[in-house]
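J.: One file is attached below, entry.pdb, containing PDB, C-alpha atoms.
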```
MODEL        1
ATOM      1  CA  MET A  25      83.783 -93.693 -17.861
ATOM      2  CA  SER A  26      83.670 -90.507 -15.795
ATOM      3  CA  HIS A  27      80.943 -90.019 -13.174
ATOM      4  CA  TYR A  28      80.307 -86.497 -11.927
ATOM      5  CA  HIS A  29      77.876 -85.392  -9.219
ATOM      6  CA  SER A  30      77.210 -81.882 -10.486
ATOM      7  CA  LEU A  31      76.754 -80.354 -13.916
ATOM      8  CA  ASP A  32      78.701 -77.316 -12.751
ATOM      9  CA  VAL A  33      82.031 -79.165 -12.455
ATOM     10  CA  VAL A  34      81.921 -80.531 -16.015
ATOM     11  CA  SER A  35      83.518 -78.856 -19.021
ATOM     12  CA  LEU A  36      83.299 -80.680 -22.349
ATOM     13  CA  GLN A  37      83.827 -79.573 -25.939
ATOM     14  CA  ASN A  38      81.721 -81.884 -28.081
ATOM     15  CA  SER A  39      78.947 -84.098 -26.755
ATOM     16  CA  TRP A  40      75.733 -85.924 -27.526
ATOM     17  CA  LEU A  41      73.383 -85.976 -24.566
ATOM     18  CA  THR A  42      70.279 -87.564 -23.159
ATOM     19  CA  ILE A  43      68.552 -86.307 -20.002
ATOM     20  CA  GLY A  44      66.312 -88.216 -17.605
ATOM     21  CA  VAL A  45      66.121 -90.131 -14.361
ATOM     22  CA  PHE A  46      66.607 -93.498 -16.123
ATOM     23  CA  ASP A  47      65.583 -95.356 -12.981
ATOM     24  CA  GLY A  48      66.118 -99.051 -13.637
ATOM     25  CA  VAL A  49      67.866 -98.476 -16.983
ATOM     26  CA  HIS A  50      65.171-100.697 -18.508
ATOM     27  CA  ARG A  51      64.854-101.788 -22.138
ATOM     28  CA  GLY A  52      63.199 -98.511 -23.154
ATOM     29  CA  HIS A  53      66.068 -96.557 -21.636
ATOM     30  CA  GLN A  54      68.543 -98.915 -23.271
ATOM     31  CA  GLU A  55      67.180 -98.074 -26.726
ATOM     32  CA  ILE A  56      67.811 -94.368 -26.092
ATOM     33  CA  ILE A  57      71.317 -95.147 -24.858
ATOM     34  CA  ARG A  58      71.991 -97.405 -27.866
ATOM     35  CA  GLN A  59      71.132 -94.589 -30.269
ATOM     36  CA  LEU A  60      73.098 -92.097 -28.169
ATOM     37  CA  THR A  61      76.330 -94.091 -28.016
ATOM     38  CA  ALA A  62      76.200 -95.273 -31.631
ATOM     39  CA  GLY A  63      75.578 -91.779 -32.981
ATOM     40  CA  ALA A  64      78.024 -89.989 -30.704
ATOM     41  CA  HIS A  65      80.908 -92.369 -31.300
ATOM     42  CA  ALA A  66      80.338 -92.369 -35.061
ATOM     43  CA  ASP A  67      80.498 -88.561 -34.879
ATOM     44  CA  GLY A  68      83.646 -88.528 -32.741
ATOM     45  CA  ALA A  69      81.703 -87.077 -29.805
ATOM     46  CA  LEU A  70      81.236 -88.083 -26.172
ATOM     47  CA  ALA A  71      78.065 -89.929 -25.167
ATOM     48  CA  VAL A  72      76.774 -88.183 -22.032
ATOM     49  CA  VAL A  73      73.862 -89.005 -19.714
ATOM     50  CA  LEU A  74      72.533 -86.341 -17.339
ATOM     51  CA  THR A  75      70.458 -87.876 -14.560
ATOM     52  CA  PHE A  76      69.225 -86.767 -11.158
ATOM     53  CA  SER A  77      69.117 -87.655  -7.487
ATOM     54  CA  PRO A  78      66.898 -87.700  -5.528
ATOM     55  CA  HIS A  79      64.107 -88.755  -7.858
ATOM     56  CA  PRO A  80      62.001 -85.720  -8.891
ATOM     57  CA  ALA A  81      58.958 -87.416  -7.319
ATOM     58  CA  VAL A  82      60.504 -86.707  -3.917
ATOM     59  CA  ILE A  83      60.755 -82.954  -4.552
ATOM     60  CA  LEU A  84      57.799 -82.342  -6.855
ATOM     61  CA  GLY A  85      55.412 -84.909  -5.391
ATOM     62  CA  GLY A  86      56.468 -84.835  -1.755
ATOM     63  CA  LYS A  87      56.985 -88.606  -1.813
ATOM     64  CA  ASN A  88      59.662 -88.845   0.869
ATOM     65  CA  ASP A  89      59.269 -92.621   1.024
ATOM     66  CA  PHE A  90      59.775 -93.044  -2.729
ATOM     67  CA  LYS A  91      61.731 -96.182  -3.644
ATOM     68  CA  ASN A  92      64.107 -96.455  -6.593
ATOM     69  CA  LEU A  93      64.824 -99.397  -8.870
ATOM     70  CA  THR A  94      68.489 -98.382  -8.938
ATOM     71  CA  THR A  95      70.760 -96.386  -6.667
ATOM     72  CA  PRO A  96      72.830 -93.657  -8.377
ATOM     73  CA  GLU A  97      75.872 -95.934  -8.262
ATOM     74  CA  GLU A  98      73.995 -98.882  -9.787
ATOM     75  CA  ARG A  99      72.557 -96.639 -12.488
ATOM     76  CA  ALA A 100      75.993 -95.260 -13.404
ATOM     77  CA  ALA A 101      77.454 -98.773 -13.590
ATOM     78  CA  LEU A 102      74.661 -99.938 -15.891
ATOM     79  CA  LEU A 103      75.104 -96.908 -18.141
ATOM     80  CA  GLU A 104      78.850 -97.542 -18.304
ATOM     81  CA  SER A 105      78.188-101.139 -19.394
ATOM     82  CA  LEU A 106      76.129 -99.734 -22.291
ATOM     83  CA  GLY A 107      79.029 -97.631 -23.580
ATOM     84  CA  VAL A 108      78.268 -94.223 -22.042
ATOM     85  CA  ASP A 109      81.372 -92.035 -21.668
ATOM     86  CA  VAL A 110      80.172 -89.543 -19.039
ATOM     87  CA  VAL A 111      77.415 -89.788 -16.411
ATOM     88  CA  ILE A 112      76.361 -86.714 -14.458
ATOM     89  CA  THR A 113      74.162 -87.369 -11.420
ATOM     90  CA  HIS A 114      72.977 -83.843 -10.629
ATOM     91  CA  LEU A 115      71.189 -82.834  -7.434
ATOM     92  CA  PHE A 116      67.465 -82.381  -8.021
ATOM     93  CA  ASP A 117      66.124 -79.772  -5.618
ATOM     94  CA  ARG A 118      63.491 -77.049  -5.611
ATOM     95  CA  ALA A 119      65.895 -74.506  -7.106
ATOM     96  CA  LEU A 120      66.518 -76.752 -10.092
ATOM     97  CA  ALA A 121      62.816 -77.539 -10.461
ATOM     98  CA  ASP A 122      62.046 -73.801 -10.621
ATOM     99  CA  GLN A 123      64.510 -73.060 -13.426
ATOM    100  CA  SER A 124      63.070 -72.295 -16.849
ATOM    101  CA  ALA A 125      63.857 -74.627 -19.723
ATOM    102  CA  GLU A 126      65.952 -71.908 -21.358
ATOM    103  CA  GLU A 127      68.002 -71.221 -18.245
ATOM    104  CA  PHE A 128      68.695 -74.899 -17.682
ATOM    105  CA  MET A 129      69.560 -75.667 -21.301
ATOM    106  CA  ARG A 130      71.956 -72.710 -21.412
ATOM    107  CA  ARG A 131      73.797 -74.265 -18.447
ATOM    108  CA  VAL A 132      73.829 -77.638 -20.175
ATOM    109  CA  ALA A 133      75.013 -76.317 -23.535
ATOM    110  CA  ARG A 134      77.761 -74.268 -21.917
ATOM    111  CA  SER A 135      79.080 -77.093 -19.725
ATOM    112  CA  LEU A 136      78.878 -79.911 -22.262
ATOM    113  CA  GLY A 137      79.549 -78.344 -25.651
ATOM    114  CA  LEU A 138      76.221 -79.863 -26.642
ATOM    115  CA  ARG A 139      75.701 -80.826 -30.297
ATOM    116  CA  ARG A 140      72.759 -83.268 -30.188
ATOM    117  CA  LEU A 141      70.072 -83.967 -27.584
ATOM    118  CA  LEU A 142      68.206 -87.291 -27.591
ATOM    119  CA  VAL A 143      64.891 -87.360 -25.737
ATOM    120  CA  GLY A 144      62.077 -89.835 -25.155
ATOM    121  CA  TYR A 145      58.613 -89.439 -26.635
ATOM    122  CA  ASP A 146      57.049 -87.745 -23.581
ATOM    123  CA  PHE A 147      60.110 -85.874 -22.296
ATOM    124  CA  ALA A 148      59.858 -82.369 -20.849
ATOM    125  CA  LEU A 149      61.991 -80.314 -18.466
ATOM    126  CA  GLY A 150      62.020 -76.949 -16.770
ATOM    127  CA  ARG A 151      59.481 -75.116 -14.649
ATOM    128  CA  GLY A 152      56.003 -76.452 -15.343
ATOM    129  CA  ARG A 153      57.479 -78.940 -17.864
ATOM    130  CA  GLU A 154      57.631 -76.122 -20.405
ATOM    131  CA  GLY A 155      60.653 -77.634 -22.122
ATOM    132  CA  ASP A 156      58.850 -80.107 -24.360
ATOM    133  CA  MET A 157      60.082 -81.315 -27.745
ATOM    134  CA  THR A 158      58.954 -78.154 -29.549
ATOM    135  CA  ARG A 159      60.517 -75.783 -27.026
ATOM    136  CA  LEU A 160      63.791 -77.712 -26.822
ATOM    137  CA  THR A 161      64.044 -77.666 -30.616
ATOM    138  CA  GLU A 162      63.540 -73.893 -30.643
ATOM    139  CA  LEU A 163      66.229 -73.448 -27.993
ATOM    140  CA  GLY A 164      68.572 -75.690 -29.927
ATOM    141  CA  LYS A 165      68.557 -73.282 -32.878
ATOM    142  CA  THR A 166      69.947 -70.584 -30.580
ATOM    143  CA  LEU A 167      72.230 -72.740 -28.446
ATOM    144  CA  GLY A 168      73.718 -74.813 -31.250
ATOM    145  CA  TYR A 169      72.297 -78.293 -30.776
ATOM    146  CA  GLU A 170      69.821 -80.521 -32.626
ATOM    147  CA  VAL A 171      67.033 -82.572 -31.023
ATOM    148  CA  GLN A 172      66.574 -86.238 -31.879
ATOM    149  CA  PRO A 173      63.342 -87.877 -30.617
ATOM    150  CA  VAL A 174      63.361 -91.560 -29.679
ATOM    151  CA  ALA A 175      60.164 -93.589 -29.984
ATOM    152  CA  PRO A 176      58.905 -95.544 -26.952
ATOM    153  CA  LEU A 177      59.587 -99.257 -26.653
ATOM    154  CA  ALA A 178      56.494-101.365 -26.048
ATOM    155  CA  ALA A 179      56.002-104.875 -24.724
ATOM    156  CA  GLY A 180      52.592-106.144 -25.729
ATOM    157  CA  ASP A 181      50.065-103.330 -25.528
ATOM    158  CA  GLU A 182      51.987-101.289 -22.926
ATOM    159  CA  VAL A 183      54.998 -99.026 -23.047
ATOM    160  CA  ILE A 184      57.865-100.239 -20.889
ATOM    161  CA  SER A 185      58.266 -97.861 -17.948
ATOM    162  CA  SER A 186      59.857 -97.690 -14.516
ATOM    163  CA  ASN A 187      56.403 -97.435 -12.926
ATOM    164  CA  ARG A 188      55.272-100.611 -14.662
ATOM    165  CA  ILE A 189      58.332-102.428 -13.314
ATOM    166  CA  ARG A 190      57.667-101.118  -9.795
ATOM    167  CA  THR A 191      54.100-102.439 -10.034
ATOM    168  CA  ARG A 192      55.341-105.857 -11.084
ATOM    169  CA  LEU A 193      57.877-106.036  -8.274
ATOM    170  CA  ALA A 194      55.220-104.960  -5.758
ATOM    171  CA  ALA A 195      53.219-107.991  -6.892
ATOM    172  CA  GLY A 196      56.237-110.301  -6.691
ATOM    173  CA  GLU A 197      56.302-110.706 -10.481
ATOM    174  CA  VAL A 198      60.101-110.700 -10.742
ATOM    175  CA  ALA A 199      60.196-112.798 -13.942
ATOM    176  CA  ALA A 200      57.915-110.294 -15.712
ATOM    177  CA  ALA A 201      60.005-107.403 -14.367
ATOM    178  CA  ALA A 202      63.119-109.055 -15.789
ATOM    179  CA  LEU A 203      61.571-109.047 -19.269
ATOM    180  CA  ASP A 204      61.090-105.263 -19.065
ATOM    181  CA  LEU A 205      64.533-104.673 -17.574
ATOM    182  CA  GLY A 206      66.404-106.927 -19.972
ATOM    183  CA  ARG A 207      68.109-108.503 -16.958
ATOM    184  CA  TYR A 208      67.162-109.846 -13.533
ATOM    185  CA  TYR A 209      66.122-107.284 -10.945
ATOM    186  CA  SER A 210      68.849-107.088  -8.311
ATOM    187  CA  VAL A 211      69.738-105.666  -4.917
ATOM    188  CA  THR A 212      73.262-105.235  -3.572
ATOM    189  CA  ALA A 213      73.819-104.887   0.155
ATOM    190  CA  PRO A 214      76.178-105.737   3.013
ATOM    191  CA  ILE A 215      75.571-108.814   5.148
ATOM    192  CA  ILE A 216      74.626-108.085   8.754
ATOM    193  CA  HIS A 217      74.067-110.248  11.830
ATOM    194  CA  GLY A 218      70.626-111.758  12.174
ATOM    195  CA  ASP A 219      69.051-113.743  15.002
ATOM    196  CA  GLY A 220      70.794-117.019  14.091
ATOM    197  CA  ARG A 221      67.622-119.086  13.696
ATOM    198  CA  GLY A 222      68.747-120.396  10.308
ATOM    199  CA  LYS A 223      71.801-122.057  11.804
ATOM    200  CA  LYS A 224      69.684-123.704  14.498
ATOM    201  CA  ILE A 225      67.593-125.481  11.853
ATOM    202  CA  ASN A 226      70.669-126.214   9.714
ATOM    203  CA  ILE A 227      69.612-123.789   6.970
ATOM    204  CA  PRO A 228      71.844-120.742   7.576
ATOM    205  CA  THR A 229      70.846-117.467   5.964
ATOM    206  CA  ALA A 230      72.645-114.241   5.170
ATOM    207  CA  ASN A 231      70.712-111.137   6.279
ATOM    208  CA  LEU A 232      70.944-108.130   3.950
ATOM    209  CA  GLU A 233      70.881-104.471   4.962
ATOM    210  CA  ILE A 234      68.961-103.065   1.996
ATOM    211  CA  PRO A 235      69.417 -99.344   1.203
ATOM    212  CA  ALA A 236      66.370 -97.426   2.449
ATOM    213  CA  GLU A 237      65.666 -95.925  -0.989
ATOM    214  CA  LYS A 238      65.727 -99.255  -2.837
ATOM    215  CA  VAL A 239      62.668-101.148  -4.107
ATOM    216  CA  ILE A 240      62.389-104.701  -2.800
ATOM    217  CA  PRO A 241      59.970-107.242  -4.275
ATOM    218  CA  ALA A 242      56.787-108.294  -2.473
ATOM    219  CA  ASN A 243      56.998-110.531   0.566
ATOM    220  CA  GLY A 244      57.584-114.113  -0.451
ATOM    221  CA  VAL A 245      60.178-116.740  -1.295
ATOM    222  CA  TYR A 246      62.309-116.418  -4.436
ATOM    223  CA  ALA A 247      64.809-118.390  -6.478
ATOM    224  CA  CYS A 248      67.840-116.118  -6.888
ATOM    225  CA  TRP A 249      71.361-115.948  -8.147
ATOM    226  CA  ALA A 250      73.703-114.692  -5.414
ATOM    227  CA  TRP A 251      76.998-113.023  -6.290
ATOM    228  CA  VAL A 252      79.749-113.024  -3.655
ATOM    229  CA  SER A 253      83.314-111.883  -4.448
ATOM    230  CA  GLY A 254      82.667-112.256  -8.160
ATOM    231  CA  LYS A 255      81.315-115.813  -7.891
ATOM    232  CA  LYS A 256      77.750-116.911  -8.622
ATOM    233  CA  TYR A 257      75.727-119.218  -6.350
ATOM    234  CA  LEU A 258      72.229-120.665  -6.332
ATOM    235  CA  SER A 259      70.137-119.259  -3.506
ATOM    236  CA  VAL A 260      66.668-119.173  -1.967
ATOM    237  CA  THR A 261      65.640-115.769  -0.620
ATOM    238  CA  ASN A 262      62.893-114.926   1.857
ATOM    239  CA  ILE A 263      61.432-111.428   2.028
ATOM    240  CA  GLY A 264      59.017-110.713   4.840
ATOM    241  CA  ILE A 265      58.291-110.625   8.533
ATOM    242  CA  ARG A 266      59.010-114.339   9.206
ATOM    243  CA  PRO A 267      55.518-114.981  10.649
ATOM    244  CA  THR A 268      56.381-118.418  12.066
ATOM    245  CA  PHE A 269      58.878-116.749  14.425
ATOM    246  CA  THR A 270      58.139-112.991  14.556
ATOM    247  CA  PRO A 271      54.510-112.340  13.522
ATOM    248  CA  GLU A 272      54.500-109.062  15.447
ATOM    249  CA  GLU A 273      56.988-107.398  13.086
ATOM    250  CA  PHE A 274      55.951-105.118  10.207
ATOM    251  CA  ALA A 275      59.169-104.143   8.409
ATOM    252  CA  PRO A 276      60.260-106.860   5.956
ATOM    253  CA  HIS A 277      63.583-108.637   6.306
ATOM    254  CA  VAL A 278      65.602-109.889   3.348
ATOM    255  CA  GLU A 279      67.580-113.049   4.005
ATOM    256  CA  THR A 280      69.004-115.605   1.623
ATOM    257  CA  HIS A 281      70.274-119.177   1.890
ATOM    258  CA  LEU A 282      73.144-119.928  -0.492
ATOM    259  CA  LEU A 283      73.043-123.511  -1.715
ATOM    260  CA  ASP A 284      76.197-125.633  -1.383
ATOM    261  CA  PHE A 285      77.943-122.811   0.485
ATOM    262  CA  ASP A 286      79.407-122.968   3.998
ATOM    263  CA  ARG A 287      81.607-119.868   4.475
ATOM    264  CA  ASP A 288      81.126-116.900   6.797
ATOM    265  CA  LEU A 289      79.672-113.893   4.956
ATOM    266  CA  TYR A 290      79.466-111.274   7.714
ATOM    267  CA  GLY A 291      80.781-107.897   6.629
ATOM    268  CA  GLN A 292      80.845-108.841   2.950
ATOM    269  CA  GLU A 293      78.630-107.498   0.192
ATOM    270  CA  ILE A 294      76.224-109.671  -1.739
ATOM    271  CA  LYS A 295      74.253-109.093  -4.933
ATOM    272  CA  LEU A 296      70.948-110.929  -5.337
ATOM    273  CA  GLU A 297      69.332-111.368  -8.754
ATOM    274  CA  PHE A 298      65.649-112.311  -8.494
ATOM    275  CA  VAL A 299      64.778-115.024 -11.006
ATOM    276  CA  GLU A 300      61.367-116.381 -10.017
ATOM    277  CA  ARG A 301      58.914-116.230  -7.131
ATOM    278  CA  LEU A 302      58.426-119.649  -5.536
ATOM    279  CA  ARG A 303      55.539-118.877  -3.184
ATOM    280  CA  GLU A 304      54.026-116.316  -0.830
ATOM    281  CA  GLU A 305      55.263-115.970   2.736
ATOM    282  CA  ARG A 306      53.036-117.755   5.235
ATOM    283  CA  LYS A 307      52.938-118.907   8.840
ATOM    284  CA  PHE A 308      53.545-122.603   9.535
ATOM    285  CA  PRO A 309      52.065-124.596  12.422
ATOM    286  CA  SER A 310      55.484-125.801  13.556
ATOM    287  CA  VAL A 311      59.204-125.352  12.941
ATOM    288  CA  GLU A 312      59.266-128.868  11.463
ATOM    289  CA  ALA A 313      56.630-127.919   8.899
ATOM    290  CA  LEU A 314      58.598-124.789   7.996
ATOM    291  CA  VAL A 315      61.823-126.769   7.560
ATOM    292  CA  GLY A 316      60.052-129.261   5.322
ATOM    293  CA  GLN A 317      58.722-126.449   3.114
ATOM    294  CA  ILE A 318      62.140-124.790   2.923
ATOM    295  CA  HIS A 319      63.656-128.031   1.636
ATOM    296  CA  ASN A 320      60.914-128.162  -0.997
ATOM    297  CA  ASP A 321      61.728-124.550  -1.914
ATOM    298  CA  ILE A 322      65.401-125.445  -2.271
ATOM    299  CA  GLU A 323      64.697-128.360  -4.598
ATOM    300  CA  ARG A 324      62.394-126.248  -6.733
ATOM    301  CA  ALA A 325      64.966-123.449  -6.896
ATOM    302  CA  ARG A 326      67.607-125.931  -8.071
ATOM    303  CA  LYS A 327      65.374-126.973 -10.967
ATOM    304  CA  ILE A 328      64.615-123.379 -11.940
ATOM    305  CA  LEU A 329      68.191-122.156 -11.730
TER     306      LEU A 329
ENDMDL
END
```
Let me see the file written as structure tokens.
T.:
Amino acid sequence: MSHYHSLDVVSLQNSWLTIGVFDGVHRGHQEIIRQLTAGAHADGALAVVLTFSPHPAVILGGKNDFKNLTTPEERAALLESLGVDVVITHLFDRALADQSAEEFMRRVARSLGLRRLLVGYDFALGRGREGDMTRLTELGKTLGYEVQPVAPLAAGDEVISSNRIRTRLAAGEVAAAALDLGRYYSVTAPIIHGDGRGKKINIPTANLEIPAEKVIPANGVYACWAWVSGKKYLSVTNIGIRPTFTPEEFAPHVETHLLDFDRDLYGQEIKLEFVERLREERKFPSVEALVGQIHNDIERARKIL
């Protein structure tokens, strides 16, 4: 797969395309991608995804603290695993937001040799979201592409969406989020030095430096799968301020204890997959009480995993 960071450096002859942020690449997104790749490859065309960074909410909504379910690199890797041939992560800025639908689609058609455009049920682009399904279809008659709508994917009475997944993660509902994603929610980050308290109580933890733009689940204790150097380990992860030791802190820490693991992890990268929330984070009356609860958490995590 090829991953470009600007539409302007791409020159293709025959492509099928879908456009969107695709944050999380959840099951609804996956249905669009399934139709895109199947149709394009049957037609001898390239399956292309045009996505954006930063998230439009940062530019259009002024949400400078907006958190993403996936980084651009994670999103591209997920799209590649679904059979996409080309991913373009284009800069979303005010200049792009102010372009008309016609101006933008002329750029797209010229750069990609566009033959078919797949869009979700509520998709729109261009200044003021003028480029809805009707307008894009009209433009396609001039620019030489056809529009293929894709129906939304529902779970229960609700449509699966990135916002719904964010809400579930904010409540610590990682198992429910996994159902919408079609996989466990994950974070990937380097291991950094912590304060060493875990070693002192014989339960060493790896401290993660989470990317600032990445969503992390609600404070609490979680059963996780931990991936290190391609190998999978059982782990118990704490997210929070560690109130037994540092109740004055506000920014959450993410630290995980890998079960049956005794190697140094500093400087390495770890991927955590959140399987189930074990409990909320709380302050304990003593270190001994905390240690006892952690051992209970470990045994419960073993049963779950």
J.: Mind giving me the straight-line distance from atom CA of A:Gly244 to atom CA of A:Ile263 in Å, one decimal?
T.: 5.3 Å
J.: For the file shown, report as a list in words the outcome of the PyMOL selection byres ((chain A and resi 30) around 9) at residue level.
T.: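 Answer for the PyMOL selection byres ((chain A and resi 30) around 9): Tyr28, His29, Leu31, Asp32, Val33, Val34, Ile112, Thr113, His114 and Leu115 of chain A.
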J.: Identify all residues satisfying the PyMOL selection byres ((chain A and resi 105-111) around 8) in the given file; provide them as a list in words.
T.: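 Checking the PyMOL selection byres ((chain A and resi 105-111) around 8) against this file, the residues are Met25, Ser26, His27, Tyr28, Gln54, Ile57, Arg58, Thr61, Leu70, Ala71, Val72, Val73, Leu74, Thr75, Ala100, Ala101, Leu102, Leu103, Glu104, Ile112 and Thr113 of chain A.
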J.: Counting all atoms listed in the file, which residues come within 10 Å of (71.4, -77.2, -23.4), with the point read in the file's coordinates, and could you list them as a list of chain:residue names?
T.: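 Residues with an atom close enough to that point: A:Leu41, A:Ala125, A:Glu126, A:Glu127, A:Phe128, A:Met129, A:Arg130, A:Arg131, A:Val132, A:Ala133, A:Arg134, A:Ser135, A:Leu136, A:Gly137, A:Leu138, A:Arg139, A:Arg140, A:Leu141, A:Leu160, A:Leu163, A:Gly164, A:Thr166, A:Leu167, A:Gly168, A:Tyr169, A:Glu170.
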J.: Write out, as a compact mmCIF listing (two decimals), keeping the file's coordinate frame, the residues just selected, with C-alpha atoms.
T.:
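part06.txt, freshly written:
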```txt
# COMPACT_ATOMS: atom_id res chain seq x y z
CA LEU A 41 73.38 -85.98 -24.57
CA ALA A 125 63.86 -74.63 -19.72
CA GLU A 126 65.95 -71.91 -21.36
CA GLU A 127 68.00 -71.22 -18.24
CA PHE A 128 68.69 -74.90 -17.68
CA MET A 129 69.56 -75.67 -21.30
CA ARG A 130 71.96 -72.71 -21.41
CA ARG A 131 73.80 -74.26 -18.45
CA VAL A 132 73.83 -77.64 -20.18
CA ALA A 133 75.01 -76.32 -23.54
CA ARG A 134 77.76 -74.27 -21.92
CA SER A 135 79.08 -77.09 -19.73
CA LEU A 136 78.88 -79.91 -22.26
CA GLY A 137 79.55 -78.34 -25.65
CA LEU A 138 76.22 -79.86 -26.64
CA ARG A 139 75.70 -80.83 -30.30
CA ARG A 140 72.76 -83.27 -30.19
CA LEU A 141 70.07 -83.97 -27.58
CA LEU A 160 63.79 -77.71 -26.82
CA LEU A 163 66.23 -73.45 -27.99
CA GLY A 164 68.57 -75.69 -29.93
CA THR A 166 69.95 -70.58 -30.58
CA LEU A 167 72.23 -72.74 -28.45
CA GLY A 168 73.72 -74.81 -31.25
CA TYR A 169 72.30 -78.29 -30.78
CA GLU A 170 69.82 -80.52 -32.63
```
J.: Do you know which residues are at most 9 Å from A:Pro241 counting only C-alpha atoms, after dropping those on the same chain fewer than 2 positions away, and could you put them as a list in words?
T.: Arg190, Arg192, Leu193, Ala194, Ala195, Gly196, Glu197, Val198, Val239, Asn243, Gly244, Ile263 and Phe298 of chain A
J.: Neighbouring residues of A:Glu300 were defined as those with any atom within 6 Å, considering all atoms listed in the file; residues of the same chain fewer than 3 positions away were excluded. Please report them as a ChimeraX atom specification.
T.: /A:198-199,246-247
J.: Just give me the gap between atom CA of A:Asp321 and atom CA of A:Ile265 in Å, one decimal is fine.
T.: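 One can read the atom CA of A:Asp321 to atom CA of A:Ile265 distance as 17.7 Å.
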J.: To one decimal in Å, tell me the separation between atom CA of A:Gly86 and atom CA of A:Arg159.
T.: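 Rounded to one decimal, the two atoms are 27.1 Å apart.
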J.: May I ask which of the residues A:Ile56, A:Leu203, A:Leu84, A:Ala213 is the closest one to A:Arg151, counting only C-alpha atoms?
T.: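 Distance minimum relative to A:Arg151 lands on A:Leu84.
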J.: Residues picked by the PyMOL selection byres ((chain A and resi 187) around 12) here, as a ChimeraX atom specification?
T.: /A:46-48,50,81,90-93,182-186,188-194,201,204-205,239
J.: With only C-alpha atoms as the atoms that count, which of A:Thr280, A:Thr261, A:Ser253, A:Gln172 lies nearest to A:Arg301?
T.: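 Selected residue with least distance to A:Arg301: A:Thr261.
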J.: Please determine, counting only C-alpha atoms, which residue among A:His53, A:Lys327, A:Lys238, A:Lys307 has the shortest atom-to-atom distance to A:Leu177.
T.: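 Using only C-alpha atoms, the shortest distance to A:Leu177 belongs to A:His53.
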J.: Which residue gives the smallest distance to A:Gly264 among A:Ser310, A:Asn38, A:Asn231, A:Gln292, with all atoms listed in the file counted?
T.: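 Closest to A:Gly264 of all the choices is A:Asn231.
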J.: Which of these, A:His277, A:Gly152, A:Asn262, A:Pro309, has the shortest distance to A:Ile216 once you count all atoms listed in the file?
T.: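 Once distances to A:Ile216 are computed over all atoms listed in the file, the minimum belongs to A:His277.
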J.: Near A:Pro80, counting all atoms listed in the file, which residues have an atom at most 10 Å away, once you skip same-chain residues fewer than 3 positions from it, shown as a short mmCIF file (atom, residue, chain, number, x, y, z; two decimals) with C-alpha atoms, in the coordinates of the input?
T.:
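The result, written out as out_19.cif:
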```
data_model
loop_
_atom_site.label_atom_id
_atom_site.label_comp_id
_atom_site.auth_asym_id
_atom_site.auth_seq_id
_atom_site.Cartn_x
_atom_site.Cartn_y
_atom_site.Cartn_z
CA VAL A 45 66.12 -90.13 -14.36
CA PHE A 76 69.22 -86.77 -11.16
CA SER A 77 69.12 -87.66 -7.49
CA ILE A 83 60.76 -82.95 -4.55
CA LEU A 84 57.80 -82.34 -6.86
CA GLY A 85 55.41 -84.91 -5.39
CA GLY A 86 56.47 -84.84 -1.76
CA LYS A 87 56.98 -88.61 -1.81
CA PHE A 90 59.78 -93.04 -2.73
CA LEU A 115 71.19 -82.83 -7.43
CA PHE A 116 67.46 -82.38 -8.02
CA ASP A 117 66.12 -79.77 -5.62
CA ARG A 118 63.49 -77.05 -5.61
CA ALA A 121 62.82 -77.54 -10.46
#
```
J.: Would you list the residues near (80.7, -111.9, 6.8) (no more than 6 Å away, in the coordinates of the file, using only C-alpha atoms) as a PyMOL selection string?
T.: chain A and resi 288-292
J.: Counting all atoms listed in the file, which residue out of A:Ala148, A:Ala313, A:Leu232, A:Leu36 sits closest to A:Lys295?
T.: A:Leu232
